[in-house]
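To start, the structure itself, in structure tokens.
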Amino acid sequence: LYAPTFRGNSILKSYMDLKLDIERMNAELSDDFVLLYKLHPQTAKRFSLSTEEREKYENFVFDISKDVRIDLAMCAADMLISDYSSVIFEYSLLNKPMLFYAYDLEEYEHDRSFYFDYKSFVPGKIVINNDEIISAIQKNDFRKDRIPAFREKFMGACDGRSTARIAKYAIM
């Protein structure tokens with residue numbers, strides 16, 4: 001599942017530049033994988049593969065941006081490729097591998113900034129080009145060991161008992 005955030009310094013000026021080499025990914029990964037992509041709602045309205053691309057990769061690439069909710073897509077996916085999207089918080093609850101496709105990290109950091117140091121923050125391997133994406137997938141190299149600490153720090157209260165804690169607090 002490829003689920004990137006939008007580019008641009010505001011939601012109104014958002015855009016999407018799909019920096020995936022779909023032809024190469026298809027050639028090297030399609031025997032074992034399919035690529036689902038779920039774009040940010042603002043960019044999904046203005047981006048799609050060409051008719052030729054859709055026909056050429058019809059058994060490998062599936063645009064689920066408008067048809068599938070992100071929570072369902074995450075549950076169905078074996079791994080997540082994202083970038084700076086907040087989807088990583090919810091995905092960490094599934095304890096599945098993540099890759100962070102940060103091909104434009106310096107530009108993004110300049111335009112939008114982060115609350116945390118990105119390189120030490122993300123619970124997975126950072127990749128900056130298609131070669132690294134393909135290699136990480138083929139070698140199962142995701143740095144999955146970083147997920148438990150990330151999940152505990154940011155999602156530790158998601159234990160199914162939130163309502164009980166709120167009720168207890170309100171009653172006291």
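By order of appearance in the structure tokens: chains A, B, ..., then residues from 1 within every chain, and ligands from 1 in the order shown.
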Original post:
Hey, what's within 7 Å of A:Lys38 if we count only C-alpha atoms and toss same-chain stuff fewer than 5 positions away? As a ChimeraX atom specification, please?
Top reply: /A:2-3,63-65
Using only C-alpha atoms, please write the residues we just selected to a file, as a PDB file, in the first residue's frame.
```
ATOM      1  CA  TYR A   2       1.444   3.333  -1.074  1.00  0.00           C
ATOM      2  CA  ALA A   3      -0.223   6.110   0.957  1.00  0.00           C
ATOM      3  CA  ASP A  63      -5.768   3.111  -7.561  1.00  0.00           C
ATOM      4  CA  ILE A  64      -8.004   2.713  -4.523  1.00  0.00           C
ATOM      5  CA  SER A  65      -7.995   6.416  -3.653  1.00  0.00           C
TER       6      SER A  65
END
```
Subject >> Residues near stretch 68-71 of chain A, cut-off 12 Å, only C-alpha atoms, skip fewer than 2 positions along chain, as a list in words >> reply: Leu1, Tyr2, Ala3, Pro4, Leu36, Tyr37, Lys38, Leu39, His40, Pro41, Phe62, Asp63, Ile64, Ser65, Lys66, Ala73, Met74, Cys75, Ala76, Ala77, Leu80, Ser86, Val87, Ile88, Phe89, Glu90, Tyr91, Leu93 and Leu94 of chain A
Take the residues that were just selected and, keeping N, CA, C and O atoms, output them as an mmCIF file, in the first residue's frame.
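Below you can see again14.cif, which holds the result:
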```
data_model
loop_
_atom_site.group_PDB
_atom_site.id
_atom_site.type_symbol
_atom_site.label_atom_id
_atom_site.label_comp_id
_atom_site.auth_asym_id
_atom_site.auth_seq_id
_atom_site.Cartn_x
_atom_site.Cartn_y
_atom_site.Cartn_z
ATOM 1 N N LEU A 1 0.851 -1.177 0.000
ATOM 2 C CA LEU A 1 0.000 0.000 0.000
ATOM 3 C C LEU A 1 0.889 1.229 0.000
ATOM 4 O O LEU A 1 1.706 1.403 0.895
ATOM 5 N N TYR A 2 0.743 2.056 -1.020
ATOM 6 C CA TYR A 2 1.444 3.333 -1.074
ATOM 7 C C TYR A 2 0.440 4.414 -0.687
ATOM 8 O O TYR A 2 -0.566 4.618 -1.376
ATOM 9 N N ALA A 3 0.690 5.093 0.438
ATOM 10 C CA ALA A 3 -0.223 6.110 0.957
ATOM 11 C C ALA A 3 0.578 7.352 1.352
ATOM 12 O O ALA A 3 0.915 7.538 2.521
ATOM 13 N N PRO A 4 0.868 8.203 0.371
ATOM 14 C CA PRO A 4 1.636 9.418 0.669
ATOM 15 C C PRO A 4 0.734 10.570 1.087
ATOM 16 O O PRO A 4 -0.466 10.554 0.842
ATOM 17 N N LEU A 36 -1.116 -1.144 -4.383
ATOM 18 C CA LEU A 36 -2.319 -0.348 -4.165
ATOM 19 C C LEU A 36 -1.841 1.050 -3.829
ATOM 20 O O LEU A 36 -0.907 1.204 -3.050
ATOM 21 N N TYR A 37 -2.455 2.050 -4.402
ATOM 22 C CA TYR A 37 -2.113 3.377 -3.941
ATOM 23 C C TYR A 37 -3.371 4.133 -3.550
ATOM 24 O O TYR A 37 -4.398 4.068 -4.185
ATOM 25 N N LYS A 38 -3.231 4.770 -2.403
ATOM 26 C CA LYS A 38 -4.316 5.532 -1.797
ATOM 27 C C LYS A 38 -3.778 6.936 -1.566
ATOM 28 O O LYS A 38 -3.001 7.176 -0.646
ATOM 29 N N LEU A 39 -4.166 7.841 -2.453
ATOM 30 C CA LEU A 39 -3.657 9.197 -2.365
ATOM 31 C C LEU A 39 -4.456 10.031 -1.371
ATOM 32 O O LEU A 39 -5.598 9.723 -1.062
ATOM 33 N N HIS A 40 -3.836 11.091 -0.890
ATOM 34 C CA HIS A 40 -4.507 12.037 -0.012
ATOM 35 C C HIS A 40 -5.766 12.535 -0.739
ATOM 36 O O HIS A 40 -5.736 12.780 -1.944
ATOM 37 N N PRO A 41 -6.882 12.682 -0.045
ATOM 38 C CA PRO A 41 -8.131 13.084 -0.704
ATOM 39 C C PRO A 41 -8.024 14.350 -1.556
ATOM 40 O O PRO A 41 -8.654 14.442 -2.603
ATOM 41 N N PHE A 62 -3.211 -0.667 -8.623
ATOM 42 C CA PHE A 62 -4.629 -0.418 -8.391
ATOM 43 C C PHE A 62 -4.784 0.887 -7.616
ATOM 44 O O PHE A 62 -4.290 1.019 -6.507
ATOM 45 N N ASP A 63 -5.474 1.840 -8.219
ATOM 46 C CA ASP A 63 -5.768 3.111 -7.561
ATOM 47 C C ASP A 63 -7.032 2.922 -6.734
ATOM 48 O O ASP A 63 -8.129 2.794 -7.263
ATOM 49 N N ILE A 64 -6.865 2.904 -5.427
ATOM 50 C CA ILE A 64 -8.004 2.713 -4.523
ATOM 51 C C ILE A 64 -8.371 4.018 -3.815
ATOM 52 O O ILE A 64 -9.147 4.015 -2.863
ATOM 53 N N SER A 65 -7.829 5.112 -4.314
ATOM 54 C CA SER A 65 -7.995 6.416 -3.653
ATOM 55 C C SER A 65 -9.445 6.805 -3.426
ATOM 56 O O SER A 65 -9.784 7.364 -2.386
ATOM 57 N N LYS A 66 -10.301 6.516 -4.385
ATOM 58 C CA LYS A 66 -11.690 6.964 -4.292
ATOM 59 C C LYS A 66 -12.644 5.859 -3.852
ATOM 60 O O LYS A 66 -13.786 6.135 -3.521
ATOM 61 N N ALA A 73 -7.892 -0.410 3.690
ATOM 62 C CA ALA A 73 -6.679 -0.609 2.895
ATOM 63 C C ALA A 73 -5.507 -1.024 3.781
ATOM 64 O O ALA A 73 -4.738 -1.928 3.432
ATOM 65 N N MET A 74 -5.391 -0.394 4.939
ATOM 66 C CA MET A 74 -4.299 -0.738 5.850
ATOM 67 C C MET A 74 -4.424 -2.171 6.340
ATOM 68 O O MET A 74 -3.428 -2.896 6.417
ATOM 69 N N CYS A 75 -5.621 -2.587 6.668
ATOM 70 C CA CYS A 75 -5.822 -3.958 7.149
ATOM 71 C C CYS A 75 -5.503 -4.985 6.065
ATOM 72 O O CYS A 75 -4.992 -6.064 6.356
ATOM 73 N N ALA A 76 -5.779 -4.642 4.818
ATOM 74 C CA ALA A 76 -5.543 -5.574 3.716
ATOM 75 C C ALA A 76 -4.078 -5.622 3.295
ATOM 76 O O ALA A 76 -3.629 -6.618 2.742
ATOM 77 N N ALA A 77 -3.335 -4.571 3.552
ATOM 78 C CA ALA A 77 -1.958 -4.461 3.066
ATOM 79 C C ALA A 77 -0.981 -5.284 3.888
ATOM 80 O O ALA A 77 -1.118 -5.410 5.102
ATOM 81 N N LEU A 80 3.307 -0.996 4.282
ATOM 82 C CA LEU A 80 2.954 0.378 3.946
ATOM 83 C C LEU A 80 4.190 1.090 3.424
ATOM 84 O O LEU A 80 5.256 1.005 4.030
ATOM 85 N N SER A 86 0.414 11.049 8.372
ATOM 86 C CA SER A 86 0.051 10.612 9.724
ATOM 87 C C SER A 86 -0.537 9.205 9.738
ATOM 88 O O SER A 86 -0.760 8.642 10.810
ATOM 89 N N VAL A 87 -0.749 8.617 8.587
ATOM 90 C CA VAL A 87 -1.280 7.255 8.513
ATOM 91 C C VAL A 87 -0.372 6.264 9.249
ATOM 92 O O VAL A 87 -0.821 5.216 9.694
ATOM 93 N N ILE A 88 0.874 6.625 9.444
ATOM 94 C CA ILE A 88 1.818 5.716 10.106
ATOM 95 C C ILE A 88 1.443 5.430 11.557
ATOM 96 O O ILE A 88 1.766 4.366 12.085
ATOM 97 N N PHE A 89 0.754 6.360 12.196
ATOM 98 C CA PHE A 89 0.365 6.142 13.591
ATOM 99 C C PHE A 89 -0.618 4.981 13.686
ATOM 100 O O PHE A 89 -0.418 4.055 14.472
ATOM 101 N N GLU A 90 -1.671 5.027 12.889
ATOM 102 C CA GLU A 90 -2.661 3.943 12.900
ATOM 103 C C GLU A 90 -2.054 2.641 12.386
ATOM 104 O O GLU A 90 -2.323 1.573 12.919
ATOM 105 N N TYR A 91 -1.224 2.740 11.366
ATOM 106 C CA TYR A 91 -0.630 1.530 10.794
ATOM 107 C C TYR A 91 0.286 0.834 11.803
ATOM 108 O O TYR A 91 0.403 -0.383 11.797
ATOM 109 N N LEU A 93 -0.291 0.263 14.766
ATOM 110 C CA LEU A 93 -1.101 -0.635 15.594
ATOM 111 C C LEU A 93 -1.172 -2.041 14.996
ATOM 112 O O LEU A 93 -1.393 -3.018 15.716
ATOM 113 N N LEU A 94 -0.973 -2.141 13.690
ATOM 114 C CA LEU A 94 -1.048 -3.438 13.016
ATOM 115 C C LEU A 94 0.276 -4.202 13.070
ATOM 116 O O LEU A 94 0.327 -5.377 12.714
#
```
Subject >> d(atom CA of A:Glu132, atom CA of A:Glu55) in Å >> reply: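 Pair atom CA of A:Glu132 / atom CA of A:Glu55 returns 26.1 Å.
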Go through stretch 71-124 of chain A and flag each residue having an atom no more than 10 Å from stretch 139-150 of chain A; for those, report the closest pair of atoms plus their distance in Å to one decimal, using only C-alpha atoms, ordered by chain and rising number, as a Markdown table.
```
| residue | atom | partner | partner_atom | distance |
| --- | --- | --- | --- | --- |
| A:Met79 | CA | A:Phe142 | CA | 9.2 |
| A:Ile88 | CA | A:Phe150 | CA | 9.8 |
| A:Phe89 | CA | A:Phe150 | CA | 8.3 |
| A:Tyr91 | CA | A:Ile147 | CA | 9.6 |
| A:Ser92 | CA | A:Ile147 | CA | 6.2 |
| A:Leu93 | CA | A:Ile147 | CA | 8.7 |
| A:Leu94 | CA | A:Ile147 | CA | 9.5 |
| A:Asn95 | CA | A:Ile147 | CA | 6.6 |
| A:Lys96 | CA | A:Lys144 | CA | 7.4 |
| A:Pro97 | CA | A:Lys144 | CA | 5.5 |
| A:Met98 | CA | A:Phe142 | CA | 6.1 |
| A:Leu99 | CA | A:Phe142 | CA | 6.2 |
| A:Phe100 | CA | A:Phe142 | CA | 9.2 |
| A:Ser120 | CA | A:Arg146 | CA | 9.9 |
| A:Phe121 | CA | A:Phe150 | CA | 8.0 |
| A:Val122 | CA | A:Phe150 | CA | 7.8 |
| A:Pro123 | CA | A:Arg146 | CA | 4.8 |
| A:Gly124 | CA | A:Arg143 | CA | 4.9 |
```
Writing out the chosen residues with all heavy atoms as a compact mmCIF listing (two decimals), in the first residue's frame:
```
# COMPACT_ATOMS: atom_id res chain seq x y z
N MET A 79 2.28 -4.39 3.73
CA MET A 79 3.26 -3.38 4.12
C MET A 79 2.75 -2.03 3.68
O MET A 79 1.91 -1.94 2.80
CB MET A 79 4.62 -3.66 3.50
CG MET A 79 4.67 -3.42 2.01
SD MET A 79 6.17 -3.96 1.20
CE MET A 79 5.90 -5.72 1.20
N ILE A 88 0.87 6.63 9.44
CA ILE A 88 1.82 5.72 10.11
C ILE A 88 1.44 5.43 11.56
O ILE A 88 1.77 4.37 12.08
CB ILE A 88 3.27 6.22 10.02
CG1 ILE A 88 3.47 7.50 10.82
CG2 ILE A 88 3.67 6.39 8.56
CD1 ILE A 88 4.91 7.96 10.93
N PHE A 89 0.75 6.36 12.20
CA PHE A 89 0.36 6.14 13.59
C PHE A 89 -0.62 4.98 13.69
O PHE A 89 -0.42 4.05 14.47
CB PHE A 89 -0.23 7.42 14.20
CG PHE A 89 0.77 8.52 14.32
CD1 PHE A 89 0.85 9.52 13.36
CD2 PHE A 89 1.67 8.55 15.38
CE1 PHE A 89 1.78 10.54 13.45
CE2 PHE A 89 2.61 9.57 15.49
CZ PHE A 89 2.67 10.56 14.52
N TYR A 91 -1.22 2.74 11.37
CA TYR A 91 -0.63 1.53 10.79
C TYR A 91 0.29 0.83 11.80
O TYR A 91 0.40 -0.38 11.80
CB TYR A 91 0.13 1.85 9.50
CG TYR A 91 0.35 0.64 8.65
CD1 TYR A 91 -0.69 0.09 7.90
CD2 TYR A 91 1.59 0.02 8.57
CE1 TYR A 91 -0.51 -1.03 7.12
CE2 TYR A 91 1.78 -1.10 7.78
CZ TYR A 91 0.73 -1.63 7.06
OH TYR A 91 0.92 -2.75 6.29
N SER A 92 0.90 1.60 12.68
CA SER A 92 1.79 0.99 13.69
C SER A 92 1.02 0.03 14.60
O SER A 92 1.59 -0.92 15.14
CB SER A 92 2.50 2.06 14.51
OG SER A 92 1.63 2.69 15.43
N LEU A 93 -0.29 0.26 14.77
CA LEU A 93 -1.10 -0.64 15.59
C LEU A 93 -1.17 -2.04 15.00
O LEU A 93 -1.39 -3.02 15.72
CB LEU A 93 -2.51 -0.07 15.76
CG LEU A 93 -2.63 1.21 16.56
CD1 LEU A 93 -4.04 1.78 16.45
CD2 LEU A 93 -2.23 1.00 18.00
N LEU A 94 -0.97 -2.14 13.69
CA LEU A 94 -1.05 -3.44 13.02
C LEU A 94 0.28 -4.20 13.07
O LEU A 94 0.33 -5.38 12.71
CB LEU A 94 -1.47 -3.24 11.55
CG LEU A 94 -2.83 -2.58 11.37
CD1 LEU A 94 -3.06 -2.24 9.90
CD2 LEU A 94 -3.94 -3.47 11.90
N ASN A 95 1.33 -3.54 13.50
CA ASN A 95 2.66 -4.14 13.62
C ASN A 95 3.13 -4.76 12.29
O ASN A 95 3.71 -5.83 12.27
CB ASN A 95 2.71 -5.17 14.74
CG ASN A 95 4.14 -5.46 15.18
OD1 ASN A 95 4.96 -4.55 15.22
ND2 ASN A 95 4.43 -6.71 15.47
N LYS A 96 2.84 -4.07 11.21
CA LYS A 96 3.26 -4.51 9.89
C LYS A 96 4.38 -3.60 9.40
O LYS A 96 4.49 -2.45 9.81
CB LYS A 96 2.09 -4.45 8.91
CG LYS A 96 0.96 -5.43 9.22
CD LYS A 96 -0.14 -5.27 8.18
CE LYS A 96 -1.35 -6.12 8.44
NZ LYS A 96 -2.39 -5.93 7.40
N PRO A 97 5.20 -4.11 8.49
CA PRO A 97 6.35 -3.33 8.02
C PRO A 97 5.97 -2.05 7.29
O PRO A 97 4.95 -1.98 6.61
CB PRO A 97 7.06 -4.28 7.04
CG PRO A 97 6.33 -5.55 7.05
CD PRO A 97 5.10 -5.41 7.86
N MET A 98 6.87 -1.05 7.45
CA MET A 98 6.69 0.24 6.79
C MET A 98 8.00 0.68 6.14
O MET A 98 9.07 0.48 6.71
CB MET A 98 6.30 1.31 7.82
CG MET A 98 4.93 1.15 8.40
SD MET A 98 4.55 2.50 9.54
CE MET A 98 4.57 1.62 11.11
N LEU A 99 7.86 1.28 4.97
CA LEU A 99 8.97 1.97 4.31
C LEU A 99 8.60 3.44 4.22
O LEU A 99 7.43 3.78 4.03
CB LEU A 99 9.19 1.44 2.89
CG LEU A 99 9.85 0.09 2.73
CD1 LEU A 99 9.91 -0.29 1.25
CD2 LEU A 99 11.25 0.08 3.33
N PHE A 100 9.60 4.30 4.33
CA PHE A 100 9.37 5.73 4.28
C PHE A 100 10.08 6.31 3.07
O PHE A 100 11.30 6.45 3.06
CB PHE A 100 9.82 6.37 5.60
CG PHE A 100 8.95 5.92 6.72
CD1 PHE A 100 9.22 4.75 7.40
CD2 PHE A 100 7.81 6.63 7.05
CE1 PHE A 100 8.38 4.29 8.40
CE2 PHE A 100 6.96 6.19 8.05
CZ PHE A 100 7.25 5.01 8.72
N SER A 120 15.11 10.03 12.94
CA SER A 120 15.09 9.20 14.14
C SER A 120 13.67 8.87 14.60
O SER A 120 13.46 7.99 15.42
CB SER A 120 15.86 9.89 15.28
OG SER A 120 15.27 11.13 15.58
N PHE A 121 12.70 9.55 14.04
CA PHE A 121 11.30 9.42 14.44
C PHE A 121 10.59 8.24 13.80
O PHE A 121 9.85 7.50 14.46
CB PHE A 121 10.58 10.73 14.09
CG PHE A 121 9.09 10.69 14.14
CD1 PHE A 121 8.42 10.66 15.36
CD2 PHE A 121 8.35 10.70 12.97
CE1 PHE A 121 7.04 10.63 15.40
CE2 PHE A 121 6.97 10.69 13.01
CZ PHE A 121 6.31 10.65 14.23
N VAL A 122 10.76 8.04 12.50
CA VAL A 122 9.95 7.08 11.77
C VAL A 122 10.27 5.63 12.17
O VAL A 122 11.41 5.28 12.39
CB VAL A 122 10.06 7.26 10.24
CG1 VAL A 122 9.50 8.61 9.83
CG2 VAL A 122 11.47 7.07 9.74
N PRO A 123 9.22 4.79 12.25
CA PRO A 123 9.39 3.40 12.69
C PRO A 123 9.63 2.44 11.52
O PRO A 123 8.92 1.46 11.33
CB PRO A 123 8.07 3.10 13.38
CG PRO A 123 7.08 3.89 12.58
CD PRO A 123 7.80 5.16 12.22
N GLY A 124 10.63 2.76 10.73
CA GLY A 124 10.94 1.90 9.60
C GLY A 124 12.08 2.47 8.81
O GLY A 124 12.66 3.50 9.14
```
Original post:
Which of stretch 4-167 of chain A counts as strand (DSSP E or B) under DSSP, as an MDAnalysis selection string please?
Top reply: chainID A and resid 7 15 35:37 61:63 80:82 98:101 125:127
Subject >> Coordinates-based distance that separates atom CA of A:Phe60 from atom CA of A:Leu35 (Å, one decimal) >> reply: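 Separating atom CA of A:Leu35 from atom CA of A:Phe60 is a distance of 5.9 Å.
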**OP:** Run DSSP on the backbone and give me the residues of stretch 1-169 of chain A it puts in alpha helix (DSSP H), as a ChimeraX atom specification.
**Re:** /A:22-29,41-44,51-56,70-76,87-92,105-111,118-121,130-139,147-155,162-169
Subject >> Test item: residues at most 7 Å from stretch 102-107 of chain A, only C-alpha atoms, excluding those fewer than 5 positions along its chain, as a ChimeraX atom specification >> reply: /A:83,126-129
Residues just named, written with C-alpha atoms as a PDB file, in the first residue's frame:
```
ATOM      1  CA  ASP A  83       6.377   9.424   3.462  1.00  0.00           C
ATOM      2  CA  ILE A 126      13.866   5.446   4.995  1.00  0.00           C
ATOM      3  CA  VAL A 127      14.326   5.048   1.259  1.00  0.00           C
ATOM      4  CA  ILE A 128      14.990   7.828  -1.228  1.00  0.00           C
ATOM      5  CA  ASN A 129      14.619   6.177  -4.627  1.00  0.00           C
TER       6      ASN A 129
END
```
